[in-house]
file work-v3.pdb (PDB, C-alpha atoms (C1' of nucleotides))
MODEL        1
ATOM      1  CA  MET A 199      36.068  46.946 -31.984
ATOM      2  CA  ALA A 200      36.922  44.288 -29.393
ATOM      3  CA  CYS A 201      35.463  41.537 -31.498
ATOM      4  CA  SER A 202      37.290  38.865 -33.426
ATOM      5  CA  ILE A 203      34.532  38.784 -35.988
ATOM      6  CA  ALA A 204      34.992  42.458 -36.745
ATOM      7  CA  ARG A 205      38.753  42.038 -36.892
ATOM      8  CA  THR A 206      38.444  39.125 -39.258
ATOM      9  CA  LEU A 207      35.982  41.066 -41.381
ATOM     10  CA  ASP A 208      38.487  43.899 -41.531
ATOM     11  CA  VAL A 209      40.730  41.501 -43.439
ATOM     12  CA  ILE A 210      38.224  39.606 -45.607
ATOM     13  CA  GLY A 211      34.974  41.471 -45.003
ATOM     14  CA  GLU A 212      34.232  42.912 -48.382
ATOM     15  CA  PRO A 213      32.536  40.478 -50.704
ATOM     16  CA  TRP A 214      35.301  39.739 -53.207
ATOM     17  CA  SER A 215      37.978  38.615 -50.779
ATOM     18  CA  PRO A 216      36.500  35.219 -49.919
ATOM     19  CA  LEU A 217      36.098  34.471 -53.616
ATOM     20  CA  ILE A 218      39.675  35.526 -54.295
ATOM     21  CA  LEU A 219      40.887  33.219 -51.535
ATOM     22  CA  ARG A 220      38.793  30.389 -52.924
ATOM     23  CA  ASP A 221      40.283  30.903 -56.371
ATOM     24  CA  VAL A 222      43.843  30.949 -55.084
ATOM     25  CA  TYR A 223      43.163  27.883 -52.980
ATOM     26  CA  ALA A 224      41.749  26.113 -56.036
ATOM     27  CA  GLY A 225      44.822  26.987 -58.106
ATOM     28  CA  ILE A 226      43.560  30.065 -59.933
ATOM     29  CA  ASN A 227      46.382  32.243 -58.710
ATOM     30  CA  ARG A 228      47.346  34.769 -61.385
ATOM     31  CA  PHE A 229      45.935  38.232 -61.932
ATOM     32  CA  ASP A 230      44.258  37.722 -65.282
ATOM     33  CA  ARG A 231      42.838  34.322 -64.454
ATOM     34  CA  ILE A 232      41.283  35.545 -61.219
ATOM     35  CA  GLN A 233      39.887  38.591 -62.967
ATOM     36  CA  GLU A 234      38.376  36.476 -65.699
ATOM     37  CA  ASP A 235      37.024  33.836 -63.339
ATOM     38  CA  LEU A 236      35.314  36.279 -60.990
ATOM     39  CA  GLY A 237      34.376  39.080 -63.371
ATOM     40  CA  ILE A 238      35.761  41.553 -60.850
ATOM     41  CA  SER A 239      37.026  44.885 -62.143
ATOM     42  CA  ARG A 240      40.798  45.016 -62.606
ATOM     43  CA  LYS A 241      41.051  48.082 -60.436
ATOM     44  CA  VAL A 242      39.352  46.503 -57.465
ATOM     45  CA  LEU A 243      41.253  43.250 -57.914
ATOM     46  CA  THR A 244      44.526  45.155 -57.761
ATOM     47  CA  GLU A 245      43.445  46.823 -54.524
ATOM     48  CA  ARG A 246      42.206  43.609 -52.928
ATOM     49  CA  LEU A 247      45.323  41.622 -53.772
ATOM     50  CA  LYS A 248      47.522  44.364 -52.367
ATOM     51  CA  TRP A 249      45.389  44.494 -49.228
ATOM     52  CA  LEU A 250      45.516  40.732 -48.732
ATOM     53  CA  VAL A 251      49.260  40.655 -49.278
ATOM     54  CA  GLU A 252      49.745  43.437 -46.734
ATOM     55  CA  ARG A 253      47.688  41.472 -44.192
ATOM     56  CA  GLU A 254      49.868  38.439 -44.879
ATOM     57  CA  VAL A 255      46.985  36.361 -46.079
ATOM     58  CA  LEU A 256      48.441  36.024 -49.560
ATOM     59  CA  GLU A 257      51.976  36.272 -50.805
ATOM     60  CA  ARG A 258      53.065  37.518 -54.213
ATOM     61  CA  ARG A 259      55.771  35.543 -55.970
ATOM     62  CA  GLU A 260      57.591  36.299 -59.208
ATOM     63  CA  TYR A 261      57.395  33.026 -61.142
ATOM     64  CA  ALA A 262      59.063  34.578 -64.231
ATOM     65  CA  THR A 263      60.519  37.989 -64.943
ATOM     66  CA  ASN A 264      57.750  40.504 -64.263
ATOM     67  CA  ARG A 265      55.213  37.709 -63.946
ATOM     68  CA  TYR A 266      53.593  37.225 -60.581
ATOM     69  CA  GLU A 267      51.427  34.648 -58.906
ATOM     70  CA  TYR A 268      49.692  34.595 -55.557
ATOM     71  CA  ALA A 269      49.762  31.902 -52.888
ATOM     72  CA  LEU A 270      48.080  31.400 -49.545
ATOM     73  CA  THR A 271      50.179  31.922 -46.452
ATOM     74  CA  GLU A 272      49.521  29.949 -43.287
ATOM     75  CA  ARG A 273      47.161  32.695 -42.129
ATOM     76  CA  GLY A 274      45.430  32.531 -45.484
ATOM     77  CA  THR A 275      45.095  28.777 -45.447
ATOM     78  CA  GLU A 276      43.383  28.977 -42.083
ATOM     79  CA  LEU A 277      40.942  31.480 -43.534
ATOM     80  CA  VAL A 278      39.946  28.836 -46.057
ATOM     81  CA  ASP A 279      38.556  26.942 -43.063
ATOM     82  CA  VAL A 280      35.993  29.713 -42.749
ATOM     83  CA  LEU A 281      35.113  29.205 -46.403
ATOM     84  CA  MET A 282      34.636  25.479 -45.827
ATOM     85  CA  VAL A 283      31.965  26.217 -43.240
ATOM     86  CA  MET A 284      30.353  28.701 -45.620
ATOM     87  CA  VAL A 285      30.283  25.949 -48.205
ATOM     88  CA  ARG A 286      28.528  23.642 -45.793
ATOM     89  CA  TRP A 287      25.831  26.239 -45.207
ATOM     90  CA  GLY A 288      25.484  27.011 -48.903
ATOM     91  CA  ASP A 289      25.285  23.324 -49.761
ATOM     92  CA  ARG A 290      22.615  22.739 -47.182
ATOM     93  CA  TRP A 291      20.393  25.753 -47.750
ATOM     94  CA  VAL A 292      20.913  27.261 -51.182
ATOM     95  CA  SER A 293      22.104  24.467 -53.503
ATOM     96  CA  PRO A 294      19.005  22.865 -55.053
ATOM     97  CA  ASP A 295      21.072  20.785 -57.506
ATOM     98  CA  GLY A 296      23.377  19.342 -54.887
ATOM     99  CA  PRO A 297      26.824  20.551 -53.839
ATOM    100  CA  PRO A 298      28.910  21.977 -56.719
ATOM    101  CA  VAL A 299      32.152  20.885 -55.062
ATOM    102  CA  LEU A 300      32.966  17.914 -52.863
ATOM    103  CA  TYR A 301      35.779  17.437 -50.385
ATOM    104  CA  ARG A 302      37.799  14.287 -50.082
ATOM    105  CA  HIS A 303      39.492  13.894 -46.735
ATOM    106  CA  HIS A 304      43.139  12.867 -47.077
ATOM    107  CA  ALA A 305      43.204  10.907 -43.842
ATOM    108  CA  CYS A 306      40.283   8.573 -44.477
ATOM    109  CA  GLY A 307      39.642   9.014 -48.193
ATOM    110  CA  GLN A 308      35.946   9.684 -47.652
ATOM    111  CA  VAL A 309      34.023  12.413 -49.423
ATOM    112  CA  SER A 310      32.389  14.458 -46.708
ATOM    113  CA  HIS A 311      31.617  17.783 -45.168
ATOM    114  CA  VAL A 312      33.323  19.547 -42.343
ATOM    115  CA  GLU A 313      31.892  19.318 -38.835
ATOM    116  CA  LEU A 314      32.387  21.584 -35.846
ATOM    117  CA  THR A 315      33.434  19.791 -32.702
ATOM    118  CA  CYS A 316      34.775  20.506 -29.241
ATOM    119  CA  PRO A 317      38.462  19.656 -28.849
ATOM    120  CA  HIS A 318      37.891  18.631 -25.205
ATOM    121  CA  CYS A 319      35.039  16.174 -25.455
ATOM    122  CA  GLY A 320      34.873  15.615 -29.202
ATOM    123  CA  GLY A 321      31.149  16.286 -29.316
ATOM    124  CA  PRO A 322      29.440  18.630 -31.746
ATOM    125  CA  MET A 323      29.998  22.288 -30.980
ATOM    126  CA  THR A 324      27.749  24.620 -32.921
ATOM    127  CA  ALA A 325      26.050  27.890 -32.052
ATOM    128  CA  LYS A 326      23.358  25.961 -30.182
ATOM    129  CA  ASP A 327      25.859  24.140 -27.989
ATOM    130  CA  ILE A 328      27.648  27.007 -26.297
ATOM    131  CA  ASP A 329      27.375  29.936 -23.902
ATOM    132  CA  LEU A 330      29.327  33.140 -24.344
ATOM    133  CA  LEU A 331      31.649  34.455 -21.644
ATOM    134  CA  ALA A 332      33.769  37.597 -21.487
ATOM    135  CA  GLY A 333      37.423  36.825 -22.290
ATOM    136  CA  PRO A 334      40.693  38.536 -21.360
ATOM    137  CA  GLY A 335      40.667  40.731 -24.472
ATOM    138  CA  SER A 336      37.228  42.221 -23.801
ATOM    139  CA  SER A 337      37.045  45.967 -23.249
TER     140      SER A 337
ATOM    141  CA  MET B 256      27.672  31.221 -59.922
ATOM    142  CA  ALA B 257      27.807  27.481 -59.190
ATOM    143  CA  CYS B 258      29.605  28.007 -55.920
ATOM    144  CA  SER B 259      28.247  27.631 -52.426
ATOM    145  CA  ILE B 260      30.605  30.302 -51.205
ATOM    146  CA  ALA B 261      29.177  32.822 -53.639
ATOM    147  CA  ARG B 262      25.649  31.790 -52.746
ATOM    148  CA  THR B 263      26.350  32.155 -49.061
ATOM    149  CA  LEU B 264      27.975  35.527 -49.683
ATOM    150  CA  ASP B 265      24.866  36.593 -51.543
ATOM    151  CA  VAL B 266      23.060  36.267 -48.217
ATOM    152  CA  ILE B 267      25.646  37.561 -45.738
ATOM    153  CA  GLY B 268      28.389  38.887 -47.979
ATOM    154  CA  GLU B 269      28.321  42.563 -47.292
ATOM    155  CA  PRO B 270      30.260  43.530 -44.203
ATOM    156  CA  TRP B 271      27.470  44.427 -41.794
ATOM    157  CA  SER B 272      25.461  41.213 -41.964
ATOM    158  CA  PRO B 273      27.818  39.025 -39.937
ATOM    159  CA  LEU B 274      27.932  41.653 -37.224
ATOM    160  CA  ILE B 275      24.150  41.909 -37.206
ATOM    161  CA  LEU B 276      23.888  38.144 -36.817
ATOM    162  CA  ARG B 277      26.431  38.200 -34.014
ATOM    163  CA  ASP B 278      24.435  40.885 -32.205
ATOM    164  CA  VAL B 279      21.158  39.017 -32.551
ATOM    165  CA  TYR B 280      22.824  35.818 -31.411
ATOM    166  CA  ALA B 281      24.229  37.637 -28.377
ATOM    167  CA  GLY B 282      20.809  39.033 -27.466
ATOM    168  CA  ILE B 283      21.050  42.485 -29.040
ATOM    169  CA  ASN B 284      17.956  42.004 -31.136
ATOM    170  CA  ARG B 285      16.081  45.288 -31.457
ATOM    171  CA  PHE B 286      16.499  47.964 -34.079
ATOM    172  CA  ASP B 287      17.812  50.782 -31.922
ATOM    173  CA  ARG B 288      20.114  48.613 -29.872
ATOM    174  CA  ILE B 289      21.731  47.057 -32.943
ATOM    175  CA  GLN B 290      22.093  50.477 -34.535
ATOM    176  CA  GLU B 291      23.729  51.873 -31.426
ATOM    177  CA  ASP B 292      25.967  48.869 -30.885
ATOM    178  CA  LEU B 293      27.304  48.746 -34.428
ATOM    179  CA  GLY B 294      27.213  52.411 -35.381
ATOM    180  CA  ILE B 295      25.595  51.421 -38.671
ATOM    181  CA  SER B 296      23.395  53.959 -40.428
ATOM    182  CA  ARG B 297      19.692  53.471 -39.795
ATOM    183  CA  LYS B 298      18.968  53.362 -43.491
ATOM    184  CA  VAL B 299      21.378  50.520 -44.149
ATOM    185  CA  LEU B 300      20.286  48.649 -41.047
ATOM    186  CA  THR B 301      16.689  48.772 -42.267
ATOM    187  CA  GLU B 302      17.741  47.367 -45.627
ATOM    188  CA  ARG B 303      19.913  44.616 -44.144
ATOM    189  CA  LEU B 304      17.292  43.457 -41.671
ATOM    190  CA  LYS B 305      14.687  43.319 -44.410
ATOM    191  CA  TRP B 306      17.113  41.376 -46.630
ATOM    192  CA  LEU B 307      17.962  38.889 -43.900
ATOM    193  CA  VAL B 308      14.303  38.373 -43.035
ATOM    194  CA  GLU B 309      13.483  37.757 -46.708
ATOM    195  CA  ARG B 310      16.262  35.152 -46.886
ATOM    196  CA  GLU B 311      14.815  33.494 -43.773
ATOM    197  CA  VAL B 312      17.944  34.008 -41.768
ATOM    198  CA  LEU B 313      16.194  36.246 -39.271
ATOM    199  CA  GLU B 314      12.566  36.528 -38.282
ATOM    200  CA  ARG B 315      10.784  39.664 -37.140
ATOM    201  CA  ARG B 316       8.465  39.363 -34.177
ATOM    202  CA  GLU B 317       6.132  41.908 -32.626
ATOM    203  CA  TYR B 318       6.881  41.668 -28.916
ATOM    204  CA  ALA B 319       4.533  44.557 -28.069
ATOM    205  CA  THR B 320       2.201  46.665 -30.169
ATOM    206  CA  ASN B 321       4.314  48.211 -32.933
ATOM    207  CA  ARG B 322       7.514  47.021 -31.246
ATOM    208  CA  TYR B 323       9.576  44.470 -33.073
ATOM    209  CA  GLU B 324      12.503  42.232 -32.292
ATOM    210  CA  TYR B 325      14.587  39.966 -34.458
ATOM    211  CA  ALA B 326      15.518  36.347 -33.858
ATOM    212  CA  LEU B 327      17.671  33.806 -35.636
ATOM    213  CA  THR B 328      15.911  31.103 -37.604
ATOM    214  CA  GLU B 329      17.436  27.660 -37.958
ATOM    215  CA  ARG B 330      19.172  28.823 -41.133
ATOM    216  CA  GLY B 331      20.468  31.832 -39.258
ATOM    217  CA  THR B 332      21.703  29.822 -36.310
ATOM    218  CA  GLU B 333      23.721  27.662 -38.666
ATOM    219  CA  LEU B 334      25.277  30.786 -40.130
ATOM    220  CA  VAL B 335      26.560  31.594 -36.666
ATOM    221  CA  ASP B 336      28.734  28.502 -37.064
ATOM    222  CA  VAL B 337      30.557  30.397 -39.797
ATOM    223  CA  LEU B 338      31.073  33.250 -37.373
ATOM    224  CA  MET B 339      32.504  30.853 -34.779
ATOM    225  CA  VAL B 340      35.220  29.843 -37.200
ATOM    226  CA  MET B 341      35.875  33.501 -38.011
ATOM    227  CA  VAL B 342      36.282  34.086 -34.305
ATOM    228  CA  ARG B 343      38.841  31.315 -34.076
ATOM    229  CA  TRP B 344      40.875  32.933 -36.844
ATOM    230  CA  GLY B 345      40.554  36.381 -35.336
ATOM    231  CA  ASP B 346      41.530  35.089 -31.896
ATOM    232  CA  ARG B 347      44.563  33.363 -33.285
ATOM    233  CA  TRP B 348      45.895  36.014 -35.639
ATOM    234  CA  VAL B 349      44.604  39.442 -34.763
ATOM    235  CA  SER B 350      43.857  39.492 -31.027
ATOM    236  CA  PRO B 351      47.022  40.605 -29.225
ATOM    237  CA  ASP B 352      45.238  40.898 -25.854
ATOM    238  CA  GLY B 353      43.689  37.451 -25.955
ATOM    239  CA  PRO B 354      40.216  36.456 -27.099
ATOM    240  CA  PRO B 355      37.515  39.034 -26.275
ATOM    241  CA  VAL B 356      34.858  36.329 -25.974
ATOM    242  CA  LEU B 357      35.077  32.726 -24.778
ATOM    243  CA  TYR B 358      32.790  29.807 -25.501
ATOM    244  CA  ARG B 359      31.662  27.347 -22.883
ATOM    245  CA  HIS B 360      30.539  24.055 -24.326
ATOM    246  CA  HIS B 361      27.258  22.875 -22.851
ATOM    247  CA  ALA B 362      28.060  19.190 -23.171
ATOM    248  CA  CYS B 363      31.372  19.134 -21.301
ATOM    249  CA  GLY B 364      31.420  22.496 -19.546
ATOM    250  CA  GLN B 365      34.873  23.326 -20.852
ATOM    251  CA  VAL B 366      35.833  26.705 -22.214
ATOM    252  CA  SER B 367      37.218  26.127 -25.673
ATOM    253  CA  HIS B 368      37.101  27.046 -29.304
ATOM    254  CA  VAL B 369      35.665  25.183 -32.235
ATOM    255  CA  GLU B 370      37.571  22.589 -34.258
ATOM    256  CA  LEU B 371      36.897  21.309 -37.767
ATOM    257  CA  THR B 372      36.712  17.553 -38.051
ATOM    258  CA  CYS B 373      35.688  14.851 -40.483
ATOM    259  CA  PRO B 374      32.397  13.173 -39.559
ATOM    260  CA  HIS B 375      33.639   9.837 -40.958
ATOM    261  CA  CYS B 376      36.945   9.385 -39.207
ATOM    262  CA  GLY B 377      36.793  12.116 -36.582
ATOM    263  CA  GLY B 378      40.210  13.481 -37.533
ATOM    264  CA  PRO B 379      40.979  17.111 -38.189
ATOM    265  CA  MET B 380      39.630  18.353 -41.491
ATOM    266  CA  THR B 381      40.981  21.730 -42.506
ATOM    267  CA  ALA B 382      41.905  23.251 -45.844
ATOM    268  CA  LYS B 383      45.208  21.361 -45.747
ATOM    269  CA  ASP B 384      43.528  18.002 -45.256
ATOM    270  CA  ILE B 385      41.315  17.796 -48.322
ATOM    271  CA  ASP B 386      41.196  17.555 -52.090
ATOM    272  CA  LEU B 387      38.476  19.180 -54.160
ATOM    273  CA  LEU B 388      36.251  17.179 -56.505
ATOM    274  CA  ALA B 389      33.472  18.259 -58.844
ATOM    275  CA  GLY B 390      30.043  17.584 -57.323
ATOM    276  CA  PRO B 391      26.585  16.990 -58.824
ATOM    277  CA  GLY B 392      25.705  20.712 -58.758
ATOM    278  CA  SER B 393      28.729  21.830 -60.755
ATOM    279  CA  SER B 394      28.077  23.479 -64.089
TER     280      SER B 394
ATOM    281  C1'  DG C 295      59.949  44.426 -85.994
ATOM    282  C1'  DA C 296      55.151  43.786 -84.991
ATOM    283  C1'  DT C 297      52.075  41.292 -81.994
ATOM    284  C1'  DT C 298      50.526  39.354 -77.999
ATOM    285  C1'  DC C 299      50.345  38.512 -73.163
ATOM    286  C1'  DG C 300      50.550  39.345 -68.277
ATOM    287  C1'  DA C 301      49.916  42.604 -64.788
ATOM    288  C1'  DG C 302      48.567  46.283 -63.694
ATOM    289  C1'  DT C 303      47.098  51.940 -63.959
ATOM    290  C1'  DT C 304      44.125  55.813 -65.144
ATOM    291  C1'  DC C 305      39.842  58.120 -65.805
ATOM    292  C1'  DC C 306      34.990  58.648 -65.754
ATOM    293  C1'  DT C 307      30.482  57.329 -64.219
ATOM    294  C1'  DT C 308      27.229  55.209 -61.311
ATOM    295  C1'  DG C 309      25.407  53.202 -57.141
ATOM    296  C1'  DA C 310      25.687  52.088 -52.399
ATOM    297  C1'  DG C 311      26.687  53.686 -47.647
ATOM    298  C1'  DG C 312      26.814  57.570 -44.077
ATOM    299  C1'  DG C 313      24.521  61.496 -41.559
ATOM    300  C1'  DA C 314      21.008  64.098 -40.003
ATOM    301  C1'  DA C 315      16.454  65.230 -39.790
ATOM    302  C1'  DC C 316      11.739  63.831 -39.859
ATOM    303  C1'  DC C 317       7.492  60.829 -38.806
ATOM    304  C1'  DG C 318       3.841  57.896 -36.578
ATOM    305  C1'  DT C 319       2.495  55.134 -32.859
ATOM    306  C1'  DA C 320       2.840  53.863 -27.783
ATOM    307  C1'  DT C 321       3.878  54.424 -23.315
ATOM    308  C1'  DC C 322       4.890  57.251 -19.311
ATOM    309  C1'  DA C 323       5.135  61.296 -15.968
ATOM    310  C1'  DG C 324       2.708  64.826 -13.911
TER     311       DG C 324
ATOM    312  C1'  DC D 291      -5.318  65.031 -20.453
ATOM    313  C1'  DT D 292      -1.209  66.669 -22.184
ATOM    314  C1'  DG D 293       3.572  66.972 -23.132
ATOM    315  C1'  DA D 294       7.805  64.205 -23.229
ATOM    316  C1'  DT D 295      10.154  60.274 -24.531
ATOM    317  C1'  DA D 296      11.128  55.814 -26.823
ATOM    318  C1'  DC D 297      10.914  52.741 -30.588
ATOM    319  C1'  DG D 298      11.129  51.584 -35.329
ATOM    320  C1'  DG D 299      11.682  53.132 -38.987
ATOM    321  C1'  DT D 300      11.745  56.964 -43.827
ATOM    322  C1'  DT D 301      13.459  60.617 -46.466
ATOM    323  C1'  DC D 302      16.897  63.503 -48.379
ATOM    324  C1'  DC D 303      21.359  64.801 -49.622
ATOM    325  C1'  DC D 304      26.187  63.955 -50.228
ATOM    326  C1'  DT D 305      30.345  61.486 -50.485
ATOM    327  C1'  DC D 306      33.133  57.740 -51.562
ATOM    328  C1'  DA D 307      34.058  53.358 -53.389
ATOM    329  C1'  DA D 308      32.992  49.860 -57.136
ATOM    330  C1'  DG D 309      32.437  49.092 -62.175
ATOM    331  C1'  DG D 310      33.880  49.597 -67.081
ATOM    332  C1'  DA D 311      36.730  50.718 -70.659
ATOM    333  C1'  DA D 312      40.825  52.327 -72.374
ATOM    334  C1'  DC D 313      45.719  52.871 -71.795
ATOM    335  C1'  DT D 314      50.626  51.423 -70.306
ATOM    336  C1'  DC D 315      54.816  48.981 -69.957
ATOM    337  C1'  DG D 316      58.040  45.265 -70.138
ATOM    338  C1'  DA D 317      58.808  40.358 -71.723
ATOM    339  C1'  DA D 318      58.198  36.860 -74.727
ATOM    340  C1'  DT D 319      56.795  35.169 -79.244
ATOM    341  C1'  DC D 320      56.364  34.953 -84.268
TER     342       DC D 320
ENDMDL
END

call {"tool": "encode", "arguments": {"input": "work-v3.pdb", "output": "structure tokens"}}
result
Amino acid sequence: MACSIARTLDVIGEPWSPLILRDVYAGINRFDRIQEDLGISRKVLTERLKWLVEREVLERREYATNRYEYALTERGTELVDVLMVMVRWGDRWVSPDGPPVLYRHHACGQVSHVELTCPHCGGPMTAKDIDLLAGPGSS
Amino acid sequence: MACSIARTLDVIGEPWSPLILRDVYAGINRFDRIQEDLGISRKVLTERLKWLVEREVLERREYATNRYEYALTERGTELVDVLMVMVRWGDRWVSPDGPPVLYRHHACGQVSHVELTCPHCGGPMTAKDIDLLAGPGSS
DNA sequence: GATTCGAGTTCCTTGAGGGAACCGTATCAG
DNA sequence: CTGATACGGTTCCCTCAAGGAACTCGAATC
């Protein structure tokens, strides 16, 4: 499908992958710890990790003989950006007790949320602020 | 799970929902047209639409007698922001022929993609630029 | 030398998704 | 007025993928 959403979903579309990426990003990066944290079946976790490694979202490193850990690649780290926007939505609409996790911005030290802006004018750039046009990769 | 990602995935986690939202956002907002566009089974589409309406992401409107169309609510429109960041990733990493769709920003008229920034200092705020802290809603 | 741990693999069962056909109400063509 | 067509779903069956529990295999630990 000529759609970047569909192509992204091909990589992280099924429901466990975003949670796996979150765990690895948060430092839970070994098989058993991810399995325990998420409650995912070991079989499916094996498949997902292999899939994500093949797509170069994660890499698998041997940290001791026959012991492996997973780490985000550059591609994977940029996928975490998608998760950050999910978090913003979840915090706003489905977190009655307040946000479970806060972000502190390295540059300014403030605790805050992410915001979507236009790189040209710096103004807010959300779904309400744009029109869609056909691009070069459209069929 | 005390995690805004998991709670967001509970709403749009299975693979068809983001594509349904994209279609509705792009103006493909009636049952048969969505079904045809996505190639989803009618049974599953019925279930998903009902689910998304119950979660107040979509609303169902009768535009003629016994004819219905779907529209994004405010909650739903903000979910499209998540899709915009997915698009950026897909454009960057898995679109060899260039982006299939472009965004024109209303405010400045430029064609561009979305950027994640910090509302306090205005600087870039991606996964690499933050630390995680426990928030009030953590268990 | 036995036990435990980490990282999977195997097998069985169950549930969700796909496909195709069917249905009820409106509108439209003749 | 009647048959055809469109729209918005339901229903039924079948397959395939996810879940759960047990097993494996090598390395380290006691």

call {"tool": "resolve_selection", "arguments": {"input": "work-v3.pdb", "expression": "the PyMOL selection byres ((chain A) within 9 of (chain D))", "output": "list of chain:residue names"}}
result
A:Ile238, A:Ser239, A:Lys241, A:Val242, A:Thr263, A:Asn264, A:Arg265

call {"tool": "interface_residues", "arguments": {"input": "work-v3.pdb", "of": "chain A", "to": "chain B", "cutoff": "6 Å", "atoms": "only C-alpha atoms", "output": "number ranges by chain"}}
result
A: 202-203, 206, 211-213, 278-280, 283-285, 288-289, 295-304, 312-316, 324-325, 327-336

call {"tool": "resolve_selection", "arguments": {"input": "work-v3.pdb", "expression": "the PyMOL selection byres ((chain C) within 9 of (chain A))", "output": "ChimeraX atom specification"}}
result
/C:300-303

call {"tool": "atom_distance", "arguments": {"input": "work-v3.pdb", "atom1": "CA of Leu313 in chain B", "atom2": "CA of Ile289 in chain B"}}
result
13.7 Å

call {"tool": "axis_aligned_box", "arguments": {"input": "work-v3.pdb", "around": "range 292-309 of chain D", "padding_each_side": "5 Å", "output": "AutoDock Vina command-line options"}}
result
--center_x 16.4 --center_y 58.0 --center_z -42.2 --size_x 45.3 --size_y 27.9 --size_z 50.0

call {"tool": "atom_distance", "arguments": {"input": "work-v3.pdb", "atom1": "CA of Val255 in chain A", "atom2": "CA of Asp235 in chain A"}}
result
20.1 Å

call {"tool": "atom_distance", "arguments": {"input": "work-v3.pdb", "atom1": "CA of Glu260 in chain A", "atom2": "C1' of DT304 in chain C"}}
result
24.4 Å

call {"tool": "resolve_selection", "arguments": {"input": "work-v3.pdb", "expression": "the PyMOL selection byres ((chain B and resi 325) around 6)", "output": "tab-separated table (two decimals) with C-alpha atoms, in the coordinates of the input"}}
result
chain	number	residue	atom	x	y	z
B	284	ASN	CA	17.96	42.00	-31.14
B	314	GLU	CA	12.57	36.53	-38.28
B	315	ARG	CA	10.78	39.66	-37.14
B	324	GLU	CA	12.50	42.23	-32.29
B	326	ALA	CA	15.52	36.35	-33.86
